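> Sharing a structure here in structure tokens format.
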Amino acid sequence: MEEKVFDLVVVGAGLMGSAAAFHASQLSKISVCLVGPPEPKNRQEVEIFGCWHDEGRVYYRISPLHTWQVVSSRSIERLANLEELTGIKICTKTGCIHIYKDKKKHEENIEVSRQLDLEGQDISHTWKNIFPFLNMPEGASICYEEKCAGHLNPRRLVEAHQKAAQLAGTHLLKEIVMTVRPSETMMHRWEVVTESGTVLQCQQVLVATGGYAALKPLFQHVKPGFVPKLELRTQTVAFLQISEEEAHRLWRMPCMVIRHPFKNLDGGYVVPPIKYPDGKWYVKMGHGRAYEETRSSLAEVTHWYQQQSGVPECVQQLTQYLKYLLPG
């Protein structure tokens, strides 16, 4: 391992790093190594975590932001190709409804959908006929994105990108990187050193560690004293456990992107029932900017991930909102 010189080492094997390694592996005559830890089996024994350690993420195309529409649409197309290439199921098409308090923004969404042929439907007055098991905020404007929207499994997305990258020759090393340092020889430019002592030699390094780029001393030998200026904010997620019978009752439930306040919440998102690895069914809801908190040290971030309780008041608010949206 130490004798091989890679053209590229990607540091961080989460959503971004795994995808980057896959796309780099598609370039001709480029040798790639992806290095990063797997999902921990015991959160109390590690300090590196990823937001991809979950089963459900909302995906959709319709947005007032043109860049979002383009990137999202192309990404969704690529996900289908990735599923076919690897045989790993990533996406579940449930559709997505966008709930607005601001009628003008809702109308902008509908107009953009029409212009780009994204097939968004205005169901502000007909949603009850389509989703009789839901309850909507009074006076809300609602756009229904029936096609090319739903939820994806981030664990499977990471797995698929890693599998596809390895099929193209990428080497996968499941270790934690300690630092990156300049090479002392002319044969290669950089050395990536892991906590176990493995030294990877390479010509280029791509750091894709997310917030940990500002928490770990990855660049101390590259540029002493340099720490990326990142603002790290928490997100609390509430999981509402339901019975299998209830999950079947809600089988047509779409994903929901909510831009309508509820009590102290400024909106949020809902993922329909998903069966998790523990064998239980959960409806998941997250919030917007309300209840976000900042974290600035590795110890603070580690504690946040290990406690797995989020902000208790936020969990209560999310639970109340979910019960409002799902009467019965």
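How things are named: the first chain in the structure tokens is A, the next is B, and so on; residues count from 1 in each chain; ligands count from 1 in the order shown.
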Distance table requested - segment 158-249 of chain A against segment 72-96 of chain A, cut-off 7 Å, only C-alpha atoms: one row per qualifying residue with the closest atom pair and its distance in Å to one decimal, ordered by chain and rising residue number, as a tab-separated table.


```
residue	atom	partner	partner_atom	distance
A:Ala160	CA	A:Thr86	CA	6.1
A:Lys163	CA	A:Thr86	CA	6.8
A:Ala164	CA	A:Thr86	CA	6.3
```

> I need the strand (DSSP E or B) residues of segment 112-215 of chain A per DSSP on the backbone, written as number ranges by chain.

A: 120-122, 141-145, 150-152, 171-173, 177-182, 190-194, 199-207

> Those selected residues, please, written with N, CA and C atoms and delivered as a CSV table (one decimal), in the first residue's frame.


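File selection27.csv, as written:
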```csv
chain,number,residue,atom,x,y,z
A,120,GLY,N,-45.6,20.1,-11.9
A,120,GLY,CA,-46.1,20.4,-10.6
A,120,GLY,C,-47.6,20.8,-10.7
A,121,GLN,N,-48.4,20.3,-9.7
A,121,GLN,CA,-49.9,20.5,-9.8
A,121,GLN,C,-50.3,21.4,-8.6
A,122,ASP,N,-51.1,22.3,-8.8
A,122,ASP,CA,-51.7,23.1,-7.7
A,122,ASP,C,-52.9,22.4,-7.2
A,141,SER,N,-51.2,27.1,0.6
A,141,SER,CA,-51.1,26.8,-0.8
A,141,SER,C,-50.2,25.6,-1.0
A,142,ILE,N,-50.6,24.7,-1.9
A,142,ILE,CA,-50.0,23.4,-2.0
A,142,ILE,C,-49.7,23.0,-3.4
A,143,CYS,N,-48.4,22.7,-3.6
A,143,CYS,CA,-48.0,22.2,-5.0
A,143,CYS,C,-47.6,20.7,-4.8
A,144,TYR,N,-48.1,19.9,-5.7
A,144,TYR,CA,-47.9,18.5,-5.7
A,144,TYR,C,-47.0,18.1,-6.9
A,145,GLU,N,-45.8,17.6,-6.5
A,145,GLU,CA,-44.8,17.1,-7.5
A,145,GLU,C,-44.9,15.5,-7.4
A,150,GLY,N,-39.5,12.0,-4.1
A,150,GLY,CA,-39.7,11.0,-3.1
A,150,GLY,C,-38.6,11.0,-2.0
A,151,HIS,N,-38.2,9.8,-1.6
A,151,HIS,CA,-37.1,9.8,-0.6
A,151,HIS,C,-36.1,8.8,-1.0
A,152,LEU,N,-34.8,9.0,-0.7
A,152,LEU,CA,-33.7,8.1,-1.0
A,152,LEU,C,-33.1,7.7,0.3
A,171,HIS,N,-9.5,2.1,-4.9
A,171,HIS,CA,-9.2,1.4,-3.7
A,171,HIS,C,-9.9,2.0,-2.5
A,172,LEU,N,-10.6,1.2,-1.7
A,172,LEU,CA,-11.3,1.7,-0.5
A,172,LEU,C,-10.6,1.3,0.7
A,173,LEU,N,-10.3,2.3,1.5
A,173,LEU,CA,-9.6,2.1,2.8
A,173,LEU,C,-10.5,2.6,3.9
A,177,VAL,N,-8.5,9.4,8.7
A,177,VAL,CA,-7.3,10.2,8.3
A,177,VAL,C,-6.9,11.1,9.5
A,178,MET,N,-5.7,11.1,9.8
A,178,MET,CA,-5.2,12.0,10.9
A,178,MET,C,-4.7,13.3,10.4
A,179,THR,N,-4.0,13.3,9.3
A,179,THR,CA,-3.5,14.5,8.7
A,179,THR,C,-3.0,14.3,7.3
A,180,VAL,N,-2.8,15.4,6.6
A,180,VAL,CA,-2.2,15.4,5.2
A,180,VAL,C,-0.9,16.2,5.3
A,181,ARG,N,0.1,15.7,4.7
A,181,ARG,CA,1.4,16.4,4.8
A,181,ARG,C,2.1,16.4,3.4
A,182,PRO,N,2.9,17.4,3.1
A,182,PRO,CA,3.7,17.4,1.9
A,182,PRO,C,4.7,16.3,1.8
A,190,TRP,N,2.0,14.5,-2.1
A,190,TRP,CA,1.3,14.5,-0.8
A,190,TRP,C,1.3,13.1,-0.2
A,191,GLU,N,1.2,13.1,1.2
A,191,GLU,CA,1.1,11.9,1.9
A,191,GLU,C,-0.1,12.1,2.9
A,192,VAL,N,-1.0,11.1,2.8
A,192,VAL,CA,-2.2,11.1,3.7
A,192,VAL,C,-2.0,10.0,4.8
A,193,VAL,N,-2.0,10.5,6.0
A,193,VAL,CA,-1.6,9.6,7.1
A,193,VAL,C,-2.9,9.3,7.9
A,194,THR,N,-3.1,8.0,8.2
A,194,THR,CA,-4.3,7.6,9.0
A,194,THR,C,-3.9,7.4,10.4
A,199,VAL,N,0.2,5.1,5.5
A,199,VAL,CA,0.6,6.3,4.7
A,199,VAL,C,0.3,6.1,3.3
A,200,LEU,N,-0.6,7.0,2.8
A,200,LEU,CA,-1.0,6.9,1.4
A,200,LEU,C,-0.3,8.0,0.6
A,201,GLN,N,0.4,7.6,-0.5
A,201,GLN,CA,1.2,8.5,-1.3
A,201,GLN,C,0.3,8.9,-2.5
A,202,CYS,N,0.3,10.2,-2.9
A,202,CYS,CA,-0.5,10.6,-4.0
A,202,CYS,C,-0.1,12.0,-4.6
A,203,GLN,N,-0.6,12.3,-5.7
A,203,GLN,CA,-0.3,13.5,-6.4
A,203,GLN,C,-1.3,14.6,-6.0
A,204,GLN,N,-2.5,14.3,-5.7
A,204,GLN,CA,-3.6,15.2,-5.3
A,204,GLN,C,-4.4,14.7,-4.2
A,205,VAL,N,-4.9,15.6,-3.4
A,205,VAL,CA,-5.8,15.2,-2.3
A,205,VAL,C,-7.1,16.0,-2.4
A,206,LEU,N,-8.2,15.4,-2.3
A,206,LEU,CA,-9.5,16.0,-2.2
A,206,LEU,C,-10.1,15.8,-0.8
A,207,VAL,N,-10.3,16.8,0.0
A,207,VAL,CA,-10.8,16.7,1.4
A,207,VAL,C,-12.3,16.8,1.3
```

> Quick check, in Å to one decimal: how far apart do atom CA of Val35 of chain A and atom CA of Ser18 of chain A lie?

9.2 Å

> Quick one: pick out all alpha helix (DSSP H) residues within segment 51-249 of chain A from a backbone DSSP run and write them as a PyMOL selection string.

chain A and resi 66-86+103-115+127-130+154-167+244-249

> What's the 12 Å shell around Met285 of chain A, counting only C-alpha atoms, without same-chain residues fewer than 3 positions away, as an NGL selection string?

:A and (56-58 or 235-241 or 255-258 or 265 or 267-273 or 282 or 288 or 314-323 or 325-326)

> Quick one: residues within 10 Å of Phe49 of chain A, only C-alpha atoms, excluding same-chain residues fewer than 5 positions away - as a list in words?

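The residues satisfying every condition are Gly14, Pro37, Pro38, Glu39, Pro40, Arg43, Thr209, Tyr212, Val301, Thr302, Tyr305 and Gln306 of chain A.
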
> Keeping only N, CA and C atoms, write those residues as a PDB file, in the first residue's frame.


```
ATOM      1  N   GLY A  14     -18.098   9.630   3.073  1.00  0.00           N
ATOM      2  CA  GLY A  14     -19.527   9.824   3.251  1.00  0.00           C
ATOM      3  C   GLY A  14     -20.211  10.109   1.927  1.00  0.00           C
ATOM      4  N   PRO A  37     -13.887   6.293   7.521  1.00  0.00           N
ATOM      5  CA  PRO A  37     -14.447   5.244   8.370  1.00  0.00           C
ATOM      6  C   PRO A  37     -15.851   4.831   7.957  1.00  0.00           C
ATOM      7  N   PRO A  38     -16.233   3.586   8.260  1.00  0.00           N
ATOM      8  CA  PRO A  38     -17.612   3.168   8.027  1.00  0.00           C
ATOM      9  C   PRO A  38     -18.510   3.717   9.124  1.00  0.00           C
ATOM     10  N   GLU A  39     -19.809   3.488   8.995  1.00  0.00           N
ATOM     11  CA  GLU A  39     -20.731   3.907  10.051  1.00  0.00           C
ATOM     12  C   GLU A  39     -20.397   3.159  11.341  1.00  0.00           C
ATOM     13  N   PRO A  40     -20.289   3.853  12.465  1.00  0.00           N
ATOM     14  CA  PRO A  40     -19.925   3.184  13.715  1.00  0.00           C
ATOM     15  C   PRO A  40     -21.044   2.280  14.227  1.00  0.00           C
ATOM     16  N   ARG A  43     -21.887   4.264  18.921  1.00  0.00           N
ATOM     17  CA  ARG A  43     -21.605   5.697  18.860  1.00  0.00           C
ATOM     18  C   ARG A  43     -20.760   6.181  20.035  1.00  0.00           C
ATOM     19  N   THR A 209     -14.583  15.922   4.017  1.00  0.00           N
ATOM     20  CA  THR A 209     -14.939  15.472   5.363  1.00  0.00           C
ATOM     21  C   THR A 209     -16.053  16.299   5.998  1.00  0.00           C
ATOM     22  N   TYR A 212     -16.000  18.179   9.661  1.00  0.00           N
ATOM     23  CA  TYR A 212     -14.781  17.737  10.348  1.00  0.00           C
ATOM     24  C   TYR A 212     -13.519  18.379   9.776  1.00  0.00           C
ATOM     25  N   VAL A 301     -19.351  18.511  19.083  1.00  0.00           N
ATOM     26  CA  VAL A 301     -19.988  17.755  18.003  1.00  0.00           C
ATOM     27  C   VAL A 301     -20.122  16.287  18.386  1.00  0.00           C
ATOM     28  N   THR A 302     -19.083  15.738  18.984  1.00  0.00           N
ATOM     29  CA  THR A 302     -19.123  14.339  19.408  1.00  0.00           C
ATOM     30  C   THR A 302     -20.247  14.111  20.415  1.00  0.00           C
ATOM     31  N   TYR A 305     -23.715  14.086  18.697  1.00  0.00           N
ATOM     32  CA  TYR A 305     -24.044  12.842  17.995  1.00  0.00           C
ATOM     33  C   TYR A 305     -24.248  11.681  18.969  1.00  0.00           C
ATOM     34  N   GLN A 306     -23.485  11.650  20.038  1.00  0.00           N
ATOM     35  CA  GLN A 306     -23.577  10.529  20.958  1.00  0.00           C
ATOM     36  C   GLN A 306     -24.844  10.562  21.804  1.00  0.00           C
TER      37      GLN A 306
END
```

> Excluding Pro217 of chain A and residues on its chain fewer than 2 positions from it, collect all residues at most 8 Å away from it, counting only C-alpha atoms, and give them as a ChimeraX atom specification.

/A:178-179,213-215,219-220,227

> Between A:Leu232, A:Met253, A:Leu167, A:Ala140, single out the one closest to Lys101 of chain A, counting only C-alpha atoms.

A:Ala140

> Go through A:Leu250, A:Ala208, A:Ala290, A:Leu34 one by one, measure the shortest atom-to-atom distance of each to Gly50 of chain A using only C-alpha atoms, and give the residue with the smallest value.

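The shortest atom-to-atom distance to Gly50 of chain A comes from A:Ala208.
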
> Could you name the residues that touch segment 19-28 of chain A at 8 Å or less, counting only C-alpha atoms, but leaving out those on the same chain fewer than 2 positions away, as a ChimeraX atom specification?

/A:10,15-17,30-34,158,161-162,164-166,168-170

> Next, the residues of the selection above should be written as a tab-separated table (two decimals), in the first residue's frame with all heavy atoms.


```
chain	number	residue	atom	x	y	z
A	10	VAL	N	-9.12	10.65	-1.95
A	10	VAL	CA	-10.29	11.37	-1.44
A	10	VAL	C	-10.41	11.06	0.04
A	10	VAL	O	-10.54	9.89	0.43
A	10	VAL	CB	-11.58	10.95	-2.18
A	10	VAL	CG1	-12.77	11.71	-1.62
A	10	VAL	CG2	-11.45	11.21	-3.68
A	15	LEU	N	-21.28	10.89	1.96
A	15	LEU	CA	-22.04	11.17	0.75
A	15	LEU	C	-21.21	11.88	-0.32
A	15	LEU	O	-21.19	11.47	-1.48
A	15	LEU	CB	-23.27	12.03	1.10
A	15	LEU	CG	-24.40	11.31	1.82
A	15	LEU	CD1	-25.38	12.31	2.41
A	15	LEU	CD2	-25.12	10.36	0.87
A	16	MET	N	-20.50	12.94	0.08
A	16	MET	CA	-19.73	13.73	-0.89
A	16	MET	C	-18.46	12.99	-1.33
A	16	MET	O	-18.14	12.93	-2.52
A	16	MET	CB	-19.37	15.09	-0.30
A	16	MET	CG	-20.57	15.96	0.00
A	16	MET	SD	-21.53	16.34	-1.49
A	16	MET	CE	-22.83	17.33	-0.79
A	17	GLY	N	-17.72	12.44	-0.37
A	17	GLY	CA	-16.48	11.77	-0.70
A	17	GLY	C	-16.69	10.55	-1.58
A	17	GLY	O	-15.96	10.33	-2.54
A	30	ILE	N	-6.79	7.44	-14.28
A	30	ILE	CA	-6.69	8.10	-12.98
A	30	ILE	C	-6.84	7.03	-11.88
A	30	ILE	O	-7.86	6.33	-11.83
A	30	ILE	CB	-7.79	9.16	-12.79
A	30	ILE	CG1	-7.62	10.30	-13.80
A	30	ILE	CG2	-7.79	9.72	-11.37
A	30	ILE	CD1	-6.41	11.16	-13.56
A	31	SER	N	-5.83	6.90	-11.06
A	31	SER	CA	-5.92	5.95	-9.93
A	31	SER	C	-6.43	6.70	-8.71
A	31	SER	O	-5.96	7.78	-8.38
A	31	SER	CB	-4.55	5.33	-9.64
A	31	SER	OG	-3.59	6.33	-9.35
A	32	VAL	N	-7.42	6.10	-8.05
A	32	VAL	CA	-8.12	6.77	-6.95
A	32	VAL	C	-8.12	5.89	-5.71
A	32	VAL	O	-8.29	4.66	-5.80
A	32	VAL	CB	-9.58	7.09	-7.35
A	32	VAL	CG1	-10.30	7.81	-6.21
A	32	VAL	CG2	-9.64	7.92	-8.62
A	33	CYS	N	-7.95	6.53	-4.57
A	33	CYS	CA	-8.11	5.86	-3.28
A	33	CYS	C	-9.10	6.66	-2.45
A	33	CYS	O	-8.95	7.88	-2.31
A	33	CYS	CB	-6.77	5.73	-2.55
A	33	CYS	SG	-6.93	4.95	-0.92
A	34	LEU	N	-10.11	5.99	-1.94
A	34	LEU	CA	-11.10	6.62	-1.05
A	34	LEU	C	-10.84	6.13	0.36
A	34	LEU	O	-10.82	4.91	0.60
A	34	LEU	CB	-12.51	6.24	-1.50
A	34	LEU	CG	-13.67	6.67	-0.59
A	34	LEU	CD1	-13.76	8.19	-0.49
A	34	LEU	CD2	-15.00	6.09	-1.11
A	158	VAL	N	-24.40	5.91	-0.37
A	158	VAL	CA	-22.97	5.80	-0.09
A	158	VAL	C	-22.46	4.43	-0.55
A	158	VAL	O	-21.41	4.32	-1.21
A	158	VAL	CB	-22.69	6.01	1.41
A	158	VAL	CG1	-21.27	5.59	1.77
A	158	VAL	CG2	-22.91	7.47	1.78
A	161	HIS	N	-22.28	4.33	-4.46
A	161	HIS	CA	-21.16	5.09	-5.02
A	161	HIS	C	-19.83	4.38	-4.75
A	161	HIS	O	-18.95	4.34	-5.62
A	161	HIS	CB	-21.14	6.50	-4.43
A	161	HIS	CG	-21.95	7.48	-5.20
A	161	HIS	ND1	-22.78	8.42	-4.61
A	161	HIS	CD2	-22.05	7.70	-6.54
A	161	HIS	CE1	-23.37	9.14	-5.56
A	161	HIS	NE2	-22.94	8.73	-6.72
A	162	GLN	N	-19.69	3.81	-3.57
A	162	GLN	CA	-18.45	3.10	-3.25
A	162	GLN	C	-18.30	1.85	-4.11
A	162	GLN	O	-17.21	1.54	-4.60
A	162	GLN	CB	-18.40	2.76	-1.77
A	162	GLN	CG	-18.23	3.98	-0.87
A	162	GLN	CD	-18.13	3.61	0.60
A	162	GLN	OE1	-18.17	2.44	0.98
A	162	GLN	NE2	-18.00	4.62	1.45
A	164	ALA	N	-19.67	1.30	-7.10
A	164	ALA	CA	-19.42	1.72	-8.48
A	164	ALA	C	-17.98	2.20	-8.65
A	164	ALA	O	-17.34	1.93	-9.67
A	164	ALA	CB	-20.40	2.82	-8.88
A	165	ALA	N	-17.47	2.91	-7.64
A	165	ALA	CA	-16.09	3.38	-7.70
A	165	ALA	C	-15.12	2.21	-7.69
A	165	ALA	O	-14.13	2.19	-8.45
A	165	ALA	CB	-15.81	4.32	-6.53
A	166	GLN	N	-15.40	1.22	-6.86
A	166	GLN	CA	-14.52	0.05	-6.79
A	166	GLN	C	-14.57	-0.76	-8.09
A	166	GLN	O	-13.56	-1.32	-8.51
A	166	GLN	CB	-14.90	-0.82	-5.59
A	166	GLN	CG	-14.54	-0.21	-4.24
A	166	GLN	CD	-14.97	-1.07	-3.07
A	166	GLN	OE1	-16.16	-1.14	-2.74
A	166	GLN	NE2	-14.02	-1.72	-2.44
A	168	ALA	N	-14.72	0.45	-10.87
A	168	ALA	CA	-13.87	1.19	-11.81
A	168	ALA	C	-12.42	1.24	-11.35
A	168	ALA	O	-11.61	1.96	-11.95
A	168	ALA	CB	-14.42	2.60	-12.00
A	169	GLY	N	-12.08	0.50	-10.30
A	169	GLY	CA	-10.69	0.41	-9.88
A	169	GLY	C	-10.30	1.20	-8.65
A	169	GLY	O	-9.13	1.18	-8.24
A	170	THR	N	-11.25	1.92	-8.03
A	170	THR	CA	-10.93	2.70	-6.84
A	170	THR	C	-10.59	1.77	-5.67
A	170	THR	O	-11.25	0.76	-5.46
A	170	THR	CB	-12.11	3.61	-6.45
A	170	THR	OG1	-12.26	4.61	-7.44
A	170	THR	CG2	-11.88	4.27	-5.10
```

> Have a look at atom CA of Lys41 of chain A and atom CA of Pro277 of chain A and let me know their distance in Å, one decimal.

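Computed distance, atom CA of Lys41 of chain A to atom CA of Pro277 of chain A, equals 12.6 Å.
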